[in-house]
Amino acid sequence: MEPHSFHFGVLQEQDMQWILEQGIKQELAAGDVLINEGSYINNLFLILEGALSVFVSQEIETGQTNSDQEIARMTPVEIVGEISFLDKLPTSATVKASKNSVILSLSWQKLSSKLNHDLAFAARFYQSLCILLAARMREITSLLVNKKVVFNPPLRKALFIFGVLDDIDIDWMISAGNLLLFSPDQILIQQGEKVESLYILFKGRLAVSLEIMENDLKVTQEIAQLPQGEIVGEMSFVETGTASATVKASERSVVLVIPHHKLKTKLEQDMGFASRFYRAITVVITDRLRERMISRGYRKVAYFQTQSVSEAIEDEDELNLDTLENTALAATRFNWLLKQAK
């Protein structure tokens, strides 16, 4: 897996200055372990010098695990520990220094306080994470498709996104969007082309497919069927603007279409909305990244210690009170969105 740098171009000079002032420098010798797979951490790490290697345990035929499977090499200005910061689950990999290195350690407590009290910083920080995570998601999805790995049923993005957004945010979406009817096989998003809108599926189903090369021939492979409540076009918005997959209606579908130019203007003018929107997208991508890693064949210690939010949603008896409240709130907001649109 190729490394992806934290997108510092989004952050401003004062943002970087705050991170450097609040962080603590730490030196690592070659072979030192920074993070153990399956552990809980309380810091975000930024590589200043050197290089770190990322290892995961991989299930083998005997049922035992091999913890020496290296999946990435990380270099300066890359960020480490962001997924656990976002979902508060145990770490999904072991991170070691591959040579003498210097890192900056920033406590979650300080970062969370800054994000809660400085909405402009929060918007830029979460946008940076969105770009980083979207790049990782595109990469691992492409790898899985090439290896013909079958994805699990898609998770309901609405239960993540509408649990983070406010009622006023959803009200804005209704006023900014257009409710459109798509016929079976009608394309919403074409792979490789510019994505112009964010789509929220109100009714029906959408099919997601990828064009890949197989035996020197271009073939189309369906990778997911999306049910009511799914949102598409968000990754293209936060990253490249071009689609990594084709999305079309599987049946007659009603979709709320929010033009990207309206969304971009809203994000630039409303820092509160921007911080919530980008945070919601990071939560969605983070959950999918963890799920994709399981599909890739890695046996994560973390997943056997704690369920991810997406797994818990399918079995609400296992949800803790906070998750139950957020899930119920998200469902209520989505149902309210449907009624308002009608």
# chains A, B, ... in the order shown; residues from 1 in each chain; ligands from 1
$ residues_around --residues "stretch 257-262 of chain A" --least-positions-apart "3" --cutoff "8 Å" --atoms "only C-alpha atoms" --output "list in words"
Met173, Ala176, Gly177, Asn178, Leu179, Leu180, Glu196, Ser197, Leu198, Tyr199, Ile200, Phe237, Thr265 and Lys266 of chain A
$ residues_around --residues "stretch 99-108 of chain A" --least-positions-apart "5" --cutoff "8 Å" --atoms "only C-alpha atoms" --output "VMD selection string"
chain A and resid 19 to 20 22 to 31 42 to 52 85
$ select_by_dssp --residues "stretch 167-255 of chain A" --states "strand (DSSP E)" --output "ChimeraX atom specification"
/A:178-182,187-189,197-203,206-214,217-226,231-232,246-249,253-255
$ atom_distance --atom1 "atom CA of A:Tyr126" --atom2 "atom CA of A:Glu239"
12.6 Å
$ atom_distance --atom1 "atom CA of A:Val195" --atom2 "atom CA of A:Leu263"
12.7 Å
$ closest_atom_pairs --of "stretch 83-197 of chain A" --to "stretch 336-340 of chain A" --cutoff "10 Å" --atoms "only C-alpha atoms" --output "Markdown table"
| residue | atom | partner | partner_atom | distance |
| --- | --- | --- | --- | --- |
| A:Phe162 | CA | A:Leu337 | CA | 9.9 |
| A:Asp167 | CA | A:Leu337 | CA | 9.3 |
| A:Ile170 | CA | A:Leu337 | CA | 6.9 |
| A:Asp171 | CA | A:Leu337 | CA | 7.7 |
| A:Met173 | CA | A:Leu337 | CA | 8.8 |
| A:Ile174 | CA | A:Leu337 | CA | 7.3 |
| A:Ser175 | CA | A:Gln340 | CA | 9.8 |
$ closest_residue --among "A:Ala331, A:Val56, A:Leu111, A:Ala120" --to "A:Ser275" --atoms "only C-alpha atoms"
A:Ala120
$ select_by_dssp --residues "stretch 35-206 of chain A" --states "alpha helix (DSSP H)" --output "ChimeraX atom specification"
/A:82-87,108-117,119-146,157-164,167-176
$ residues_around --residues "A:Ser253" --least-positions-apart "4" --cutoff "6 Å" --atoms "only C-alpha atoms" --output "list in words"
Leu181, Phe182, Lys203 and Gly204 of chain A
$ atom_distance --atom1 "atom CA of A:Gly229" --atom2 "atom CA of A:Lys194"
23.0 Å
$ closest_residue --among "A:Ala93, A:Ala72, A:Ala207, A:Ile189" --to "A:Ile41" --atoms "only C-alpha atoms"
A:Ala93
$ decode --residues "stretch 167-178 of chain A" --atoms "all heavy atoms" --output "tab-separated table (two decimals), in the first residue's frame"
chain	number	residue	atom	x	y	z
A	167	ASP	N	-29.94	19.59	12.69
A	167	ASP	CA	-31.22	19.74	11.99
A	167	ASP	C	-31.16	20.86	10.96
A	167	ASP	O	-31.73	20.75	9.87
A	167	ASP	CB	-32.35	20.01	12.99
A	167	ASP	CG	-32.63	18.81	13.88
A	167	ASP	OD1	-32.22	17.69	13.50
A	167	ASP	OD2	-33.25	18.98	14.93
A	168	ILE	N	-30.46	21.94	11.30
A	168	ILE	CA	-30.38	23.08	10.36
A	168	ILE	C	-29.57	22.69	9.12
A	168	ILE	O	-29.80	23.22	8.03
A	168	ILE	CB	-29.77	24.32	11.02
A	168	ILE	CG1	-28.40	24.01	11.63
A	168	ILE	CG2	-30.69	24.87	12.09
A	168	ILE	CD1	-27.68	25.25	12.16
A	169	ASP	N	-28.62	21.78	9.28
A	169	ASP	CA	-27.83	21.31	8.14
A	169	ASP	C	-28.73	20.55	7.17
A	169	ASP	O	-28.65	20.73	5.95
A	169	ASP	CB	-26.71	20.38	8.61
A	169	ASP	CG	-25.75	21.05	9.57
A	169	ASP	OD1	-25.60	22.29	9.50
A	169	ASP	OD2	-25.15	20.34	10.40
A	170	ILE	N	-29.58	19.70	7.72
A	170	ILE	CA	-30.48	18.89	6.89
A	170	ILE	C	-31.52	19.78	6.21
A	170	ILE	O	-31.88	19.57	5.05
A	170	ILE	CB	-31.15	17.81	7.74
A	170	ILE	CG1	-30.07	16.88	8.30
A	170	ILE	CG2	-32.16	17.00	6.93
A	170	ILE	CD1	-30.56	15.90	9.32
A	171	ASP	N	-31.98	20.80	6.92
A	171	ASP	CA	-32.92	21.75	6.34
A	171	ASP	C	-32.29	22.46	5.14
A	171	ASP	O	-32.94	22.67	4.10
A	171	ASP	CB	-33.34	22.77	7.40
A	171	ASP	CG	-34.49	23.64	6.94
A	171	ASP	OD1	-35.40	23.10	6.29
A	171	ASP	OD2	-34.47	24.85	7.22
A	172	TRP	N	-30.99	22.80	5.27
A	172	TRP	CA	-30.30	23.43	4.15
A	172	TRP	C	-30.20	22.47	2.96
A	172	TRP	O	-30.37	22.89	1.81
A	172	TRP	CB	-28.89	23.88	4.57
A	172	TRP	CG	-28.13	24.45	3.41
A	172	TRP	CD1	-28.18	25.74	2.95
A	172	TRP	CD2	-27.26	23.73	2.52
A	172	TRP	NE1	-27.38	25.87	1.83
A	172	TRP	CE2	-26.81	24.66	1.55
A	172	TRP	CE3	-26.82	22.42	2.46
A	172	TRP	CZ2	-25.93	24.29	0.53
A	172	TRP	CZ3	-25.95	22.05	1.45
A	172	TRP	CH2	-25.52	22.97	0.49
A	173	MET	N	-29.93	21.21	3.21
A	173	MET	CA	-29.82	20.22	2.13
A	173	MET	C	-31.10	20.16	1.31
A	173	MET	O	-31.07	20.06	0.08
A	173	MET	CB	-29.50	18.85	2.70
A	173	MET	CG	-28.08	18.69	3.21
A	173	MET	SD	-27.78	17.01	3.81
A	173	MET	CE	-26.00	17.06	4.04
A	174	ILE	N	-32.22	20.20	1.99
A	174	ILE	CA	-33.52	20.15	1.31
A	174	ILE	C	-33.68	21.36	0.40
A	174	ILE	O	-34.10	21.24	-0.76
A	174	ILE	CB	-34.67	20.10	2.32
A	174	ILE	CG1	-34.59	18.81	3.13
A	174	ILE	CG2	-36.02	20.20	1.63
A	174	ILE	CD1	-35.56	18.77	4.29
A	175	SER	N	-33.34	22.54	0.93
A	175	SER	CA	-33.54	23.77	0.15
A	175	SER	C	-32.54	23.87	-1.01
A	175	SER	O	-32.86	24.45	-2.05
A	175	SER	CB	-33.40	25.00	1.06
A	175	SER	OG	-32.10	25.08	1.62
A	176	ALA	N	-31.36	23.30	-0.84
A	176	ALA	CA	-30.32	23.41	-1.86
A	176	ALA	C	-30.44	22.34	-2.93
A	176	ALA	O	-29.95	22.51	-4.05
A	176	ALA	CB	-28.94	23.34	-1.22
A	177	GLY	N	-31.09	21.22	-2.60
A	177	GLY	CA	-31.14	20.10	-3.52
A	177	GLY	C	-32.38	20.03	-4.39
A	177	GLY	O	-33.35	20.78	-4.19
A	178	ASN	N	-32.35	19.14	-5.37
A	178	ASN	CA	-33.48	18.86	-6.24
A	178	ASN	C	-33.84	17.39	-6.12
A	178	ASN	O	-32.97	16.52	-6.17
A	178	ASN	CB	-33.14	19.19	-7.70
A	178	ASN	CG	-32.77	20.64	-7.90
A	178	ASN	OD1	-33.55	21.54	-7.57
A	178	ASN	ND2	-31.59	20.89	-8.44
